[in-house]
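Here is the structure we will look at, set down as structure tokens.
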2 protein chains.
Amino acid sequence: MRDFKMVLEERVGQVEKILNAYLPAEEGFQKTIMEAMNYSMKAGGKRLRPLLMMETCRLFGGDLKEVEPFMAAMEMIHTSSLIHDDLPCMDNDEYRRGKKSTWARYGEDMGVLAGDGLIVEAFSAAAGAFGATKHPYRVGEAIRILAEKTGIYGMIGGQVVDVELTNQPVSADHLDFIYRLKTGALLQASMVIGAVLAGADEKECGIISRIAQNVGLAFQIQDDILDVTSSQEVLGKPVGSDEKNCKTTYVTLNGMEQAKSEVQALSQAAVEELHSLNRRNEFLEQLITMLITREK
Amino acid sequence: MRDFKMVLEERVGQVEKILNAYLPAEEGFQKTIMEAMNYSMKAGGKRLRPLLMMETCRLFGGDLKEVEPFMAAMEMIHTSSLIHDDLPCMDNDEYRRGKKSTWARYGEDMGVLAGDGLIVEAFSAAAGAFGATKHPYRVGEAIRILAEKTGIYGMIGGQVVDVELTNQPVSADHLDFIYRLKTGALLQASMVIGAVLAGADEKECGIISRIAQNVGLAFQIQDDILDVTSSQEVLGKPVGSDEKNCKTTYVTLNGMEQAKSEVQALSQAAVEELHSLNRRNEFLEQLITMLITREK
């Protein structure tokens, strides 16, 4: 596990370097929006999505160079959603990770535009992959997946339902929908795009898709569990916030016992599916296990 | 000219039909955002961008089927920018074309998300073109252009400067920047994408790009002129709004005489460049002339 942590740190460093290469130069009359975009992109975070993409590409023996534009694209999409979620008309959060949120720092109008800018730059980075690839249909398929899992049938669709159900009773079906789309869809897209660009076949992509779905759901339920069982010292953010905000979670709907066994079952299913592949990436397996059983 | 108007009406009808085929079904838990997107897309407008794209594709003898996903994508991007421009934190417009603006009708949060949703669906539609094409690199190049001309080096970049300079003195350089990017970039992308998808060569695409730039600029200056010289009856919207809002325009900066001769020069340059091509599309020539010399 000590080795895993060292490798993790090293790989996150590689991801950071790749992301930095795709950030816009802060110049021209429109400099402010570039500053706002870079401010948000550099605000930290686990870089989980590009990391999962890179490791899935590695699992299938793909060319890591080919996946770089999509790693940047994925983190830009994720960051754009954080910027827009924080807006006054959405969650009205002035802070994120201890720093001013983008709109609080650059103004609400620039918050909207910086989010828009990141969505579009994501597709710009992705489309840049055509310049270097010998597999244009793979790149096309990756862009299609990125758009599908970002849009109204993916992340944005999940966010719509989350926004609409604020302060309203949430059914198990709705909660499942929100979990699958709002957080799950991008995690899924990350892994599947890594597989597609590496040339994985349809059956392999299907397996990766199911693994990612299980991981995403388990990740989210673990979040709910930690909000009840952890402490602010361990978690690095206030606990008990779901109860305080009367938020429906997997734990409030199904109880702590079922939540824990669900995480167990989903995590086991994910690892078993990984083992069913004729390939190994030990680091990816450890990463997935870490995500699900994490204490913070 | 009577013939032109008939053909125009017919072709706009074709464009509308194509756009409709790309609108999302209003179903599922996230139904509200689909309604908001369709409400905005169906609010009317001249459909100028998809029309220019289609006619440029026709000019180069391209397969009109290939350009359809991009016609829809372009109108979605344009519509998303109207939705976000109308937001309270931007222009705070409650009405557009005599109807409630999207945020005023569906709420501010849904306004942000509907704009986001349309940007992403635009790239989703564009990426769908890979499923049917024999020219994946052309499609890839078209997506690249779409993203470049939409993002911070295109439309969004222009909007950033426009927003930042509200109620501030605007230099000729800044005005030129805003005109070129905020309105010009998408018009340019529309025509160039039509050419690229039709298989036009680099030289031809360069000519189309210059034509589109001249048309975009002339179109914008004509807008400034009409705001001074037209009447509400003819224009269908209040005139004199630039003066009332102390807005810097090409007319306030350079005077009416120069504005008029600039439109003349730009329009002549555009038509001459069109004639330098070894191809003709009479309707496209008439359309461009109409756009520039229009009285409303």
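Residue numbers start at 1 in each chain; chains themselves are named A, B, ... in the order of the structure tokens; ligands are numbered from 1 in the order shown.
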
Inset, instruction - Would you kindly report the residues of chain B within 8 Å of chain A, using only C-alpha atoms, as a PyMOL selection string? - result: chain B and resi 29-30+32-34+84+89-90+108-110+112-113+116-117+119-121+123-124+127-128+130+136-137+140-141+143-144+147-148+150-152+156-158+160-161+163+174

Legend entry - Residues flagged alpha helix (DSSP H) by DSSP in stretch 35-210 of chain B, as a PyMOL selection string: chain B and resi 35-41+48-59+64-86+102-106+108-128+136-150+155-164+172-178+185-197+202-210

Inset, instruction - Fewer than 6 positions away in the same chain doesn't count, so skip those; otherwise give me all residues within 12 Å of B:Lys203, counting only C-alpha atoms, as a ChimeraX atom specification. - result: /B:192,195-196,209-210,273,276-278

Inset, instruction - Going by DSSP on the backbone, which bits of stretch 65-217 of chain A are strand (DSSP E)? Write them as number ranges by chain, please. - result: A: 95-96, 99-100

Legend entry - Which residue of B:Leu165, B:Leu59, B:Ala270, B:Val7 approaches B:Lys247 most closely, using only C-alpha atoms: B:Leu165

Legend entry - Surrounding residues of B:Asn245 excluding itself and chain neighbours under 3 positions, 12 Å, only C-alpha atoms, as a VMD selection string: chain B and resid 166 to 168 227 239 to 242 248 to 249

How would the residues just chosen look if you wrote them out with N, CA and C atoms as a PDB file, in the first residue's frame?
ATOM      1  N   THR B 166     -19.001  47.187 -20.763  1.00  0.00           N
ATOM      2  CA  THR B 166     -20.310  47.823 -20.578  1.00  0.00           C
ATOM      3  C   THR B 166     -20.139  49.097 -19.747  1.00  0.00           C
ATOM      4  N   ASN B 167     -20.716  50.193 -20.245  1.00  0.00           N
ATOM      5  CA  ASN B 167     -20.607  51.504 -19.571  1.00  0.00           C
ATOM      6  C   ASN B 167     -19.176  52.009 -19.456  1.00  0.00           C
ATOM      7  N   GLN B 168     -18.333  51.592 -20.358  1.00  0.00           N
ATOM      8  CA  GLN B 168     -16.968  52.118 -20.380  1.00  0.00           C
ATOM      9  C   GLN B 168     -16.634  52.584 -21.787  1.00  0.00           C
ATOM     10  N   ASP B 227     -30.071  51.234 -36.644  1.00  0.00           N
ATOM     11  CA  ASP B 227     -30.500  51.711 -35.331  1.00  0.00           C
ATOM     12  C   ASP B 227     -30.669  53.235 -35.327  1.00  0.00           C
ATOM     13  N   VAL B 239     -35.831  51.663 -32.248  1.00  0.00           N
ATOM     14  CA  VAL B 239     -34.596  52.206 -32.810  1.00  0.00           C
ATOM     15  C   VAL B 239     -34.010  53.204 -31.812  1.00  0.00           C
ATOM     16  N   GLY B 240     -32.805  53.659 -32.100  1.00  0.00           N
ATOM     17  CA  GLY B 240     -32.166  54.649 -31.234  1.00  0.00           C
ATOM     18  C   GLY B 240     -31.709  54.082 -29.902  1.00  0.00           C
ATOM     19  N   SER B 241     -31.720  52.752 -29.788  1.00  0.00           N
ATOM     20  CA  SER B 241     -31.365  52.158 -28.491  1.00  0.00           C
ATOM     21  C   SER B 241     -29.877  52.324 -28.194  1.00  0.00           C
ATOM     22  N   ASP B 242     -29.035  52.353 -29.239  1.00  0.00           N
ATOM     23  CA  ASP B 242     -27.598  52.531 -29.011  1.00  0.00           C
ATOM     24  C   ASP B 242     -27.313  53.886 -28.383  1.00  0.00           C
ATOM     25  N   THR B 248     -21.147  52.586 -27.657  1.00  0.00           N
ATOM     26  CA  THR B 248     -20.224  52.862 -28.747  1.00  0.00           C
ATOM     27  C   THR B 248     -20.517  51.910 -29.894  1.00  0.00           C
ATOM     28  N   THR B 249     -20.707  52.476 -31.088  1.00  0.00           N
ATOM     29  CA  THR B 249     -20.921  51.635 -32.263  1.00  0.00           C
ATOM     30  C   THR B 249     -20.001  52.139 -33.369  1.00  0.00           C
TER      31      THR B 249
END

Legend entry - Proximity to A:Ala72 - best of A:Lys99, A:Leu23, A:Val263, A:Lys42, only C-alpha atoms: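 That would be A:Leu23, the residue with the smallest distance to A:Ala72.
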
Legend entry - Which residue of B:Asp63, B:Asp93, B:Glu68, B:Asp176 approaches B:Ala21 most closely, using only C-alpha atoms: B:Glu68

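Residue nearest B:Ala36 within the list B:Ala73, B:Tyr106, B:Phe4, B:Leu51: B:Tyr106 [criterion: smallest interatomic distance, only C-alpha atoms].
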
Legend entry - Contacts of B:Tyr179 within 9 Å, only C-alpha atoms, excl. fewer than 3 positions in-chain, as number ranges by chain: B: 158, 174-176, 182-185, 216-217, 220-221

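For the pair atom CA of A:Ala43 and atom CA of A:Gly13, the separation is 14.6 Å.
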
Legend entry - Near-A:Arg49 list (12 Å; only C-alpha atoms; drop same-chain fewer than 6 positions) as a PyMOL selection string: chain A and resi 12+15-16+19+55-56+70-79+183-194+212+215-216+287-288+291

Residues as selected, N, CA, C and O atoms, written as a tab-separated table (two decimals), in the first residue's frame, can you do that?
chain	number	residue	atom	x	y	z
A	12	VAL	N	-0.53	11.24	-10.41
A	12	VAL	CA	-1.30	12.48	-10.32
A	12	VAL	C	-0.42	13.65	-10.79
A	12	VAL	O	-0.90	14.56	-11.47
A	15	VAL	N	-0.55	13.66	-14.45
A	15	VAL	CA	-1.83	14.20	-14.90
A	15	VAL	C	-1.80	15.73	-14.83
A	15	VAL	O	-2.19	16.42	-15.77
A	16	GLU	N	-1.33	16.26	-13.71
A	16	GLU	CA	-1.26	17.72	-13.53
A	16	GLU	C	-0.47	18.37	-14.67
A	16	GLU	O	-0.85	19.42	-15.20
A	19	LEU	N	-2.55	18.36	-17.82
A	19	LEU	CA	-3.62	19.37	-17.75
A	19	LEU	C	-3.05	20.77	-17.99
A	19	LEU	O	-3.61	21.56	-18.74
A	55	GLU	N	-5.39	5.30	-16.83
A	55	GLU	CA	-5.12	3.92	-16.38
A	55	GLU	C	-5.92	2.89	-17.16
A	55	GLU	O	-5.47	1.76	-17.34
A	56	THR	N	-7.11	3.28	-17.62
A	56	THR	CA	-7.88	2.34	-18.45
A	56	THR	C	-7.23	2.20	-19.81
A	56	THR	O	-7.17	1.11	-20.39
A	70	PHE	N	-7.99	14.12	-24.28
A	70	PHE	CA	-9.26	13.78	-23.62
A	70	PHE	C	-9.16	13.85	-22.10
A	70	PHE	O	-10.16	14.12	-21.43
A	71	MET	N	-7.98	13.59	-21.56
A	71	MET	CA	-7.79	13.78	-20.11
A	71	MET	C	-8.03	15.24	-19.75
A	71	MET	O	-8.74	15.57	-18.80
A	72	ALA	N	-7.45	16.14	-20.56
A	72	ALA	CA	-7.64	17.57	-20.32
A	72	ALA	C	-9.11	17.94	-20.51
A	72	ALA	O	-9.69	18.67	-19.70
A	73	ALA	N	-9.71	17.42	-21.59
A	73	ALA	CA	-11.11	17.72	-21.88
A	73	ALA	C	-12.00	17.31	-20.70
A	73	ALA	O	-12.89	18.07	-20.27
A	74	MET	N	-11.77	16.11	-20.19
A	74	MET	CA	-12.61	15.60	-19.11
A	74	MET	C	-12.50	16.48	-17.86
A	74	MET	O	-13.51	16.81	-17.23
A	75	GLU	N	-11.29	16.88	-17.51
A	75	GLU	CA	-11.14	17.72	-16.31
A	75	GLU	C	-11.76	19.10	-16.53
A	75	GLU	O	-12.29	19.71	-15.59
A	76	MET	N	-11.70	19.61	-17.77
A	76	MET	CA	-12.35	20.90	-18.06
A	76	MET	C	-13.86	20.81	-17.90
A	76	MET	O	-14.49	21.70	-17.34
A	77	ILE	N	-14.44	19.73	-18.41
A	77	ILE	CA	-15.90	19.53	-18.27
A	77	ILE	C	-16.27	19.46	-16.79
A	77	ILE	O	-17.20	20.13	-16.33
A	78	HIS	N	-15.53	18.64	-16.05
A	78	HIS	CA	-15.80	18.50	-14.62
A	78	HIS	C	-15.70	19.86	-13.92
A	78	HIS	O	-16.58	20.25	-13.14
A	79	THR	N	-14.65	20.61	-14.23
A	79	THR	CA	-14.45	21.92	-13.60
A	79	THR	C	-15.57	22.89	-13.98
A	79	THR	O	-16.05	23.66	-13.15
A	183	THR	N	-22.87	12.26	-10.97
A	183	THR	CA	-21.47	11.88	-10.72
A	183	THR	C	-21.04	10.71	-11.59
A	183	THR	O	-19.92	10.68	-12.10
A	184	GLY	N	-21.94	9.76	-11.76
A	184	GLY	CA	-21.56	8.52	-12.43
A	184	GLY	C	-21.17	8.69	-13.89
A	184	GLY	O	-20.22	8.06	-14.37
A	185	ALA	N	-21.91	9.54	-14.60
A	185	ALA	CA	-21.75	9.60	-16.06
A	185	ALA	C	-20.33	9.98	-16.48
A	185	ALA	O	-19.76	9.39	-17.40
A	186	LEU	N	-19.72	10.95	-15.80
A	186	LEU	CA	-18.37	11.37	-16.20
A	186	LEU	C	-17.32	10.33	-15.83
A	186	LEU	O	-16.32	10.15	-16.54
A	187	LEU	N	-17.52	9.66	-14.68
A	187	LEU	CA	-16.59	8.59	-14.31
A	187	LEU	C	-16.64	7.49	-15.36
A	187	LEU	O	-15.60	6.97	-15.80
A	188	GLN	N	-17.86	7.16	-15.76
A	188	GLN	CA	-18.06	6.14	-16.79
A	188	GLN	C	-17.40	6.57	-18.11
A	188	GLN	O	-16.66	5.80	-18.73
A	189	ALA	N	-17.68	7.80	-18.52
A	189	ALA	CA	-17.10	8.30	-19.77
A	189	ALA	C	-15.57	8.26	-19.69
A	189	ALA	O	-14.90	7.90	-20.67
A	190	SER	N	-15.01	8.61	-18.54
A	190	SER	CA	-13.56	8.63	-18.41
A	190	SER	C	-12.97	7.26	-18.73
A	190	SER	O	-12.03	7.13	-19.52
A	191	MET	N	-13.51	6.23	-18.11
A	191	MET	CA	-12.95	4.89	-18.30
A	191	MET	C	-13.24	4.37	-19.71
A	191	MET	O	-12.37	3.78	-20.34
A	192	VAL	N	-14.45	4.59	-20.20
A	192	VAL	CA	-14.80	4.06	-21.51
A	192	VAL	C	-13.98	4.76	-22.60
A	192	VAL	O	-13.50	4.12	-23.55
A	193	ILE	N	-13.78	6.06	-22.48
A	193	ILE	CA	-12.97	6.78	-23.48
A	193	ILE	C	-11.53	6.25	-23.47
A	193	ILE	O	-10.92	6.05	-24.53
A	194	GLY	N	-10.99	5.99	-22.27
A	194	GLY	CA	-9.65	5.40	-22.19
A	194	GLY	C	-9.58	4.08	-22.94
A	194	GLY	O	-8.60	3.80	-23.65
A	212	ALA	N	-17.26	0.88	-14.37
A	212	ALA	CA	-17.27	2.31	-14.04
A	212	ALA	C	-18.58	2.70	-13.37
A	212	ALA	O	-18.61	3.52	-12.44
A	215	VAL	N	-18.41	1.46	-9.83
A	215	VAL	CA	-17.47	2.28	-9.06
A	215	VAL	C	-18.10	3.64	-8.73
A	215	VAL	O	-18.03	4.13	-7.60
A	216	GLY	N	-18.74	4.25	-9.72
A	216	GLY	CA	-19.34	5.56	-9.51
A	216	GLY	C	-20.40	5.53	-8.43
A	216	GLY	O	-20.46	6.40	-7.55
A	287	LEU	N	-6.45	1.48	-7.26
A	287	LEU	CA	-7.08	2.80	-7.28
A	287	LEU	C	-8.58	2.67	-7.04
A	287	LEU	O	-9.16	3.40	-6.23
A	288	ILE	N	-9.19	1.73	-7.73
A	288	ILE	CA	-10.64	1.52	-7.59
A	288	ILE	C	-10.98	1.09	-6.17
A	288	ILE	O	-11.92	1.62	-5.55
A	291	LEU	N	-10.71	4.08	-3.88
A	291	LEU	CA	-11.81	5.04	-4.03
A	291	LEU	C	-13.03	4.61	-3.24
A	291	LEU	O	-13.73	5.44	-2.63
